[in-house]
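Undergrad: Please find one structure pasted underneath; my questions will follow.
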Amino acid sequence: MEIVRPGYLPDPALDADAMEAMQRDIAADATFADDHGLTPDAVAIDEPIEETDPAQTTFDGDRPIVVGVDQAFREEEAVSVAVAIRGGRVIERAVGHAPLEIPYIPGLLAFREGGAIADALETLTVAPDLLVLDGSGRIHYREAGIATHVGVLFDVPTVGVAKNLLCGTPVESVSDRYLDAGERVAIEADDDVETCANGTTIGHFYQSRQYDTPDRRHVNPLVVSPGHRVATGTATDLVGAVCAGYKLPEPTRIADAAVGEQARE
DNA sequence: GCGACAG
DNA sequence: ATCTTGTCGC
C-alpha cells in the first residue's frame, strides 16, 4: 500500500517537541467517526486461524481484508510483520525493518516502531479495509497513538488494541469487577488527554474472553480505541468480531506468531 | 520531589 | 518489547 501523508513518516531523529507537534497535527487530521463500509458480520472470524502462511483463496473475494500488524525486536532493529486476512484465512504476509534509534517512551511509541510498520505496509500488495495495531489509537495524551499515526499516514481505517491502559479513566473501575465475555467499559478522556474535553469517550476496556467460572481468576480485558476513520463504539464492535475464542484478535495473534519466527531469523 | 507510563 | 521452564489452576 501507499503512504498518503509522507510528512507524517515517523522520524526517530526528531526531538521530542517536534514529535509531539506532529502528533497534534495527526490528531487534527484523524477522523474518529465511521468512514468505511465495514460491519462486524463482514469482518467476523469465527474460528481460530491456524495457518500462519498465506494460502490461495478463490472464494471470499468480496469480503473485507483485515490486516494484523505486530513487531519484534533484535539487537539494533525493529521487525514488523503485516498479515492480511480475508474470510478467516491468511492471504498475504509482508515484512518490514527499521533500525532502532530511540528507546521506548510512553506517548512516542510510533516513533520507535512506526518505521518498521510503514516498511511492511508499503510492501503489502493487497488493499486493507482495516488495520489492527498493537497499542493505542485515540487513547493517547494527544489522541495520536500508534494506531492513529499509522491510520493517518496511509489514510486507512485502523483500530488500536492494547493490553494495558496508557491514559484516560474508565467510567467504572475494572480492577475489582468481573466482566463477562463481550462486556465493555467506556474509557473517558481526563486531564492527561490534552487535546479533547474531559469526559469524551476515547475507547473501551473490552472483555474478549473470560473464564467460565466467576472465581478468583479472571482474564484482563483488552484496551480498544479507534485509530482513524472508525468510531469508538464501532472499533470495539469490529475487534469483538475478529476475536475467535482467544483473548487477542485473530489478526494480531497471527501477526504475533509470524513476527516471532521472523525476528529470530 | 513523587508517581504514572501502549510496546 | 525482552531475558526464559516449569508450574499452579481451571
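Within each chain, counting starts at residue 1; across the C-alpha cells, chains are named A, B, ... in the order shown, with ligands numbered 1 upward in that order.
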For chain C, work out the contacting residues on chain A at 12 Å, counting only C-alpha atoms (C1' of nucleotides), and write them as number ranges by chain.

TA: A: 70-75, 78-79, 103-105, 109, 112-113, 134-135, 210-218, 256, 260

Undergrad: Write a file of the selected residues as a short mmCIF file (atom, residue, chain, number, x, y, z; two decimals), in the first residue's frame, keeping N, CA, C and O atoms.

TA:
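The new file part_38.cif reads:
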data_model
loop_
_atom_site.label_atom_id
_atom_site.label_comp_id
_atom_site.auth_asym_id
_atom_site.auth_seq_id
_atom_site.Cartn_x
_atom_site.Cartn_y
_atom_site.Cartn_z
N ASP A 70 2.28 -6.55 13.85
CA ASP A 70 2.97 -6.67 15.13
C ASP A 70 4.48 -6.57 14.94
O ASP A 70 4.98 -6.83 13.84
N GLN A 71 5.18 -6.21 16.00
CA GLN A 71 6.62 -6.01 15.92
C GLN A 71 7.38 -6.91 16.90
O GLN A 71 6.84 -7.34 17.92
N ALA A 72 8.62 -7.14 16.57
CA ALA A 72 9.53 -7.87 17.46
C ALA A 72 10.85 -7.13 17.30
O ALA A 72 11.05 -6.39 16.34
N PHE A 73 11.75 -7.36 18.28
CA PHE A 73 13.00 -6.59 18.24
C PHE A 73 14.24 -7.44 18.33
O PHE A 73 14.26 -8.46 19.01
N ARG A 74 15.26 -6.98 17.63
CA ARG A 74 16.55 -7.65 17.70
C ARG A 74 17.54 -6.61 18.20
O ARG A 74 17.17 -5.50 18.56
N GLU A 75 18.80 -6.97 18.19
CA GLU A 75 19.84 -6.07 18.68
C GLU A 75 19.61 -4.61 18.30
O GLU A 75 19.43 -3.75 19.15
N ALA A 78 14.06 -3.09 14.46
CA ALA A 78 12.69 -3.50 14.75
C ALA A 78 12.21 -4.25 13.52
O ALA A 78 12.50 -3.86 12.39
N VAL A 79 11.51 -5.34 13.73
CA VAL A 79 10.97 -6.13 12.63
C VAL A 79 9.46 -6.06 12.75
O VAL A 79 8.91 -6.22 13.84
N PRO A 103 14.73 4.88 22.42
CA PRO A 103 14.17 3.94 23.39
C PRO A 103 12.65 4.04 23.41
O PRO A 103 12.08 4.93 22.77
N TYR A 104 12.04 3.15 24.13
CA TYR A 104 10.58 3.23 24.27
C TYR A 104 10.25 4.37 25.21
O TYR A 104 10.75 4.46 26.33
N ILE A 105 9.40 5.27 24.74
CA ILE A 105 8.96 6.40 25.56
C ILE A 105 7.43 6.42 25.49
O ILE A 105 6.87 6.53 24.40
N LEU A 109 5.59 5.98 21.13
CA LEU A 109 5.83 4.64 20.60
C LEU A 109 5.94 4.59 19.08
O LEU A 109 6.78 3.86 18.54
N ARG A 112 9.29 4.95 17.51
CA ARG A 112 10.24 3.86 17.70
C ARG A 112 9.91 2.70 16.76
O ARG A 112 10.78 2.10 16.17
N GLU A 113 8.61 2.40 16.63
CA GLU A 113 8.20 1.25 15.84
C GLU A 113 7.56 1.56 14.48
O GLU A 113 7.44 0.68 13.63
N ASP A 134 -1.09 -2.99 17.40
CA ASP A 134 -0.78 -3.26 18.80
C ASP A 134 -0.51 -1.92 19.48
O ASP A 134 0.48 -1.26 19.17
N GLY A 135 -1.37 -1.55 20.42
CA GLY A 135 -1.15 -0.28 21.09
C GLY A 135 -2.41 0.57 21.05
O GLY A 135 -3.49 0.09 20.72
N GLN A 210 -13.26 -14.75 28.67
CA GLN A 210 -13.31 -14.82 30.13
C GLN A 210 -13.42 -16.28 30.57
O GLN A 210 -13.91 -17.13 29.82
N TYR A 211 -12.93 -16.56 31.76
CA TYR A 211 -13.05 -17.92 32.29
C TYR A 211 -14.50 -18.15 32.67
O TYR A 211 -15.18 -17.24 33.15
N ASP A 212 -14.98 -19.37 32.46
CA ASP A 212 -16.37 -19.69 32.75
C ASP A 212 -16.71 -19.49 34.22
O ASP A 212 -17.77 -19.00 34.56
N THR A 213 -15.78 -19.90 35.07
CA THR A 213 -16.04 -19.82 36.49
C THR A 213 -15.73 -18.43 37.06
O THR A 213 -14.59 -17.99 37.04
N PRO A 214 -16.74 -17.75 37.56
CA PRO A 214 -16.57 -16.41 38.15
C PRO A 214 -15.77 -16.51 39.44
O PRO A 214 -16.14 -15.95 40.47
N ASP A 215 -14.66 -17.25 39.39
CA ASP A 215 -13.84 -17.46 40.56
C ASP A 215 -12.93 -16.28 40.85
O ASP A 215 -13.27 -15.14 40.58
N ARG A 216 -11.82 -16.63 41.36
CA ARG A 216 -10.87 -15.61 41.76
C ARG A 216 -10.02 -15.17 40.57
O ARG A 216 -9.48 -14.07 40.54
N ARG A 217 -9.91 -16.07 39.59
CA ARG A 217 -9.09 -15.76 38.42
C ARG A 217 -9.92 -15.14 37.30
O ARG A 217 -11.05 -15.52 37.07
N HIS A 218 -9.33 -14.20 36.65
CA HIS A 218 -10.03 -13.59 35.52
C HIS A 218 -9.02 -13.16 34.47
O HIS A 218 -7.85 -12.96 34.75
N ASP A 256 1.46 -11.84 15.53
CA ASP A 256 2.32 -12.07 16.69
C ASP A 256 3.18 -13.31 16.45
O ASP A 256 4.41 -13.29 16.60
N GLY A 260 7.28 -13.43 15.43
CA GLY A 260 8.15 -14.15 16.35
C GLY A 260 9.16 -14.97 15.59
O GLY A 260 10.37 -14.90 15.84
#

Undergrad: Do you have, as CSV, the list of residues of chain B lying at most 12 Å from chain A, each with its nearest atom pair and that distance in Å to one decimal, counting only C-alpha atoms (C1' of nucleotides) and ordered by chain then number?

TA:
residue,atom,partner,partner_atom,distance
B:DA4,C1',A:Cys167,CA,9.0
B:DC5,C1',A:Pro106,CA,5.5
B:DA6,C1',A:Gly135,CA,4.7
B:DG7,C1',A:Leu109,CA,6.9

Undergrad: For the selection just defined, write its residues with all heavy atoms to a file, as a compact mmCIF listing (two decimals), in the first residue's frame.

TA:
# COMPACT_ATOMS: atom_id res chain seq x y z
P DA B 4 2.04 5.15 41.15
OP1 DA B 4 1.14 4.43 42.04
OP2 DA B 4 3.36 4.59 40.77
O5' DA B 4 1.24 5.49 39.81
C5' DA B 4 1.43 6.73 39.16
C4' DA B 4 0.87 6.66 37.77
O4' DA B 4 1.50 7.71 37.02
C3' DA B 4 1.16 5.37 37.01
O3' DA B 4 0.12 5.10 36.07
C2' DA B 4 2.48 5.65 36.34
C1' DA B 4 2.42 7.15 36.07
N9 DA B 4 3.71 7.79 36.27
C8 DA B 4 4.70 7.47 37.17
N7 DA B 4 5.77 8.22 37.09
C5 DA B 4 5.46 9.12 36.07
C6 DA B 4 6.19 10.18 35.49
N6 DA B 4 7.41 10.53 35.87
N1 DA B 4 5.59 10.86 34.51
C2 DA B 4 4.35 10.51 34.12
N3 DA B 4 3.57 9.54 34.58
C4 DA B 4 4.19 8.87 35.57
P DC B 5 0.12 3.61 35.36
OP1 DC B 5 -1.28 3.32 34.99
OP2 DC B 5 0.88 2.70 36.21
O5' DC B 5 0.94 3.84 34.01
C5' DC B 5 0.36 4.60 32.95
C4' DC B 5 1.39 4.81 31.86
O4' DC B 5 2.33 5.82 32.26
C3' DC B 5 2.21 3.55 31.56
O3' DC B 5 2.18 3.26 30.17
C2' DC B 5 3.62 3.90 31.97
C1' DC B 5 3.62 5.42 31.83
N1 DC B 5 4.65 6.09 32.65
C2 DC B 5 5.16 7.33 32.26
O2 DC B 5 4.65 7.91 31.30
N3 DC B 5 6.19 7.87 32.93
C4 DC B 5 6.72 7.22 33.99
N4 DC B 5 7.75 7.79 34.61
C5 DC B 5 6.17 5.98 34.43
C6 DC B 5 5.15 5.46 33.75
P DA B 6 2.47 1.78 29.65
OP1 DA B 6 1.90 0.84 30.62
OP2 DA B 6 3.91 1.77 29.37
O5' DA B 6 1.71 1.59 28.27
C5' DA B 6 0.37 1.11 28.27
C4' DA B 6 0.01 0.66 26.87
O4' DA B 6 0.06 1.78 25.96
C3' DA B 6 0.97 -0.37 26.30
O3' DA B 6 0.24 -1.27 25.48
C2' DA B 6 1.91 0.47 25.45
C1' DA B 6 0.94 1.49 24.89
N9 DA B 6 1.54 2.73 24.43
C8 DA B 6 2.55 3.46 25.00
N7 DA B 6 2.86 4.54 24.32
C5 DA B 6 2.00 4.50 23.24
C6 DA B 6 1.83 5.36 22.14
N6 DA B 6 2.53 6.47 21.94
N1 DA B 6 0.87 5.03 21.24
C2 DA B 6 0.15 3.91 21.44
N3 DA B 6 0.23 3.04 22.43
C4 DA B 6 1.18 3.39 23.30
P DG B 7 0.68 -2.77 25.36
OP1 DG B 7 -0.42 -3.45 24.67
OP2 DG B 7 1.12 -3.14 26.71
O5' DG B 7 1.97 -2.76 24.42
C5' DG B 7 1.83 -2.29 23.09
C4' DG B 7 3.21 -2.22 22.40
O4' DG B 7 4.03 -1.20 23.03
C3' DG B 7 3.98 -3.53 22.53
O3' DG B 7 4.17 -4.14 21.23
C2' DG B 7 5.35 -3.18 23.10
C1' DG B 7 5.34 -1.68 23.29
N9 DG B 7 5.61 -1.43 24.69
C8 DG B 7 4.72 -1.37 25.73
N7 DG B 7 5.29 -1.28 26.89
C5 DG B 7 6.65 -1.27 26.62
C6 DG B 7 7.76 -1.21 27.49
O6 DG B 7 7.75 -1.14 28.72
N1 DG B 7 8.97 -1.22 26.80
C2 DG B 7 9.09 -1.29 25.43
N2 DG B 7 10.32 -1.29 24.94
N3 DG B 7 8.06 -1.36 24.61
C4 DG B 7 6.87 -1.35 25.26

Undergrad: What lies within 10 Å of segment 244-255 of chain A using only C-alpha atoms (C1' of nucleotides), ignoring chain neighbours under 2 positions off, as a count of residues only?

TA: 53

Undergrad: Kindly give the distance, in Å, that separates atom CA of Gly199 of chain A and atom CA of Thr31 of chain A, rounded to a single decimal.

TA: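 So the two atoms, atom CA of Gly199 of chain A and atom CA of Thr31 of chain A, lie 18.4 Å apart.
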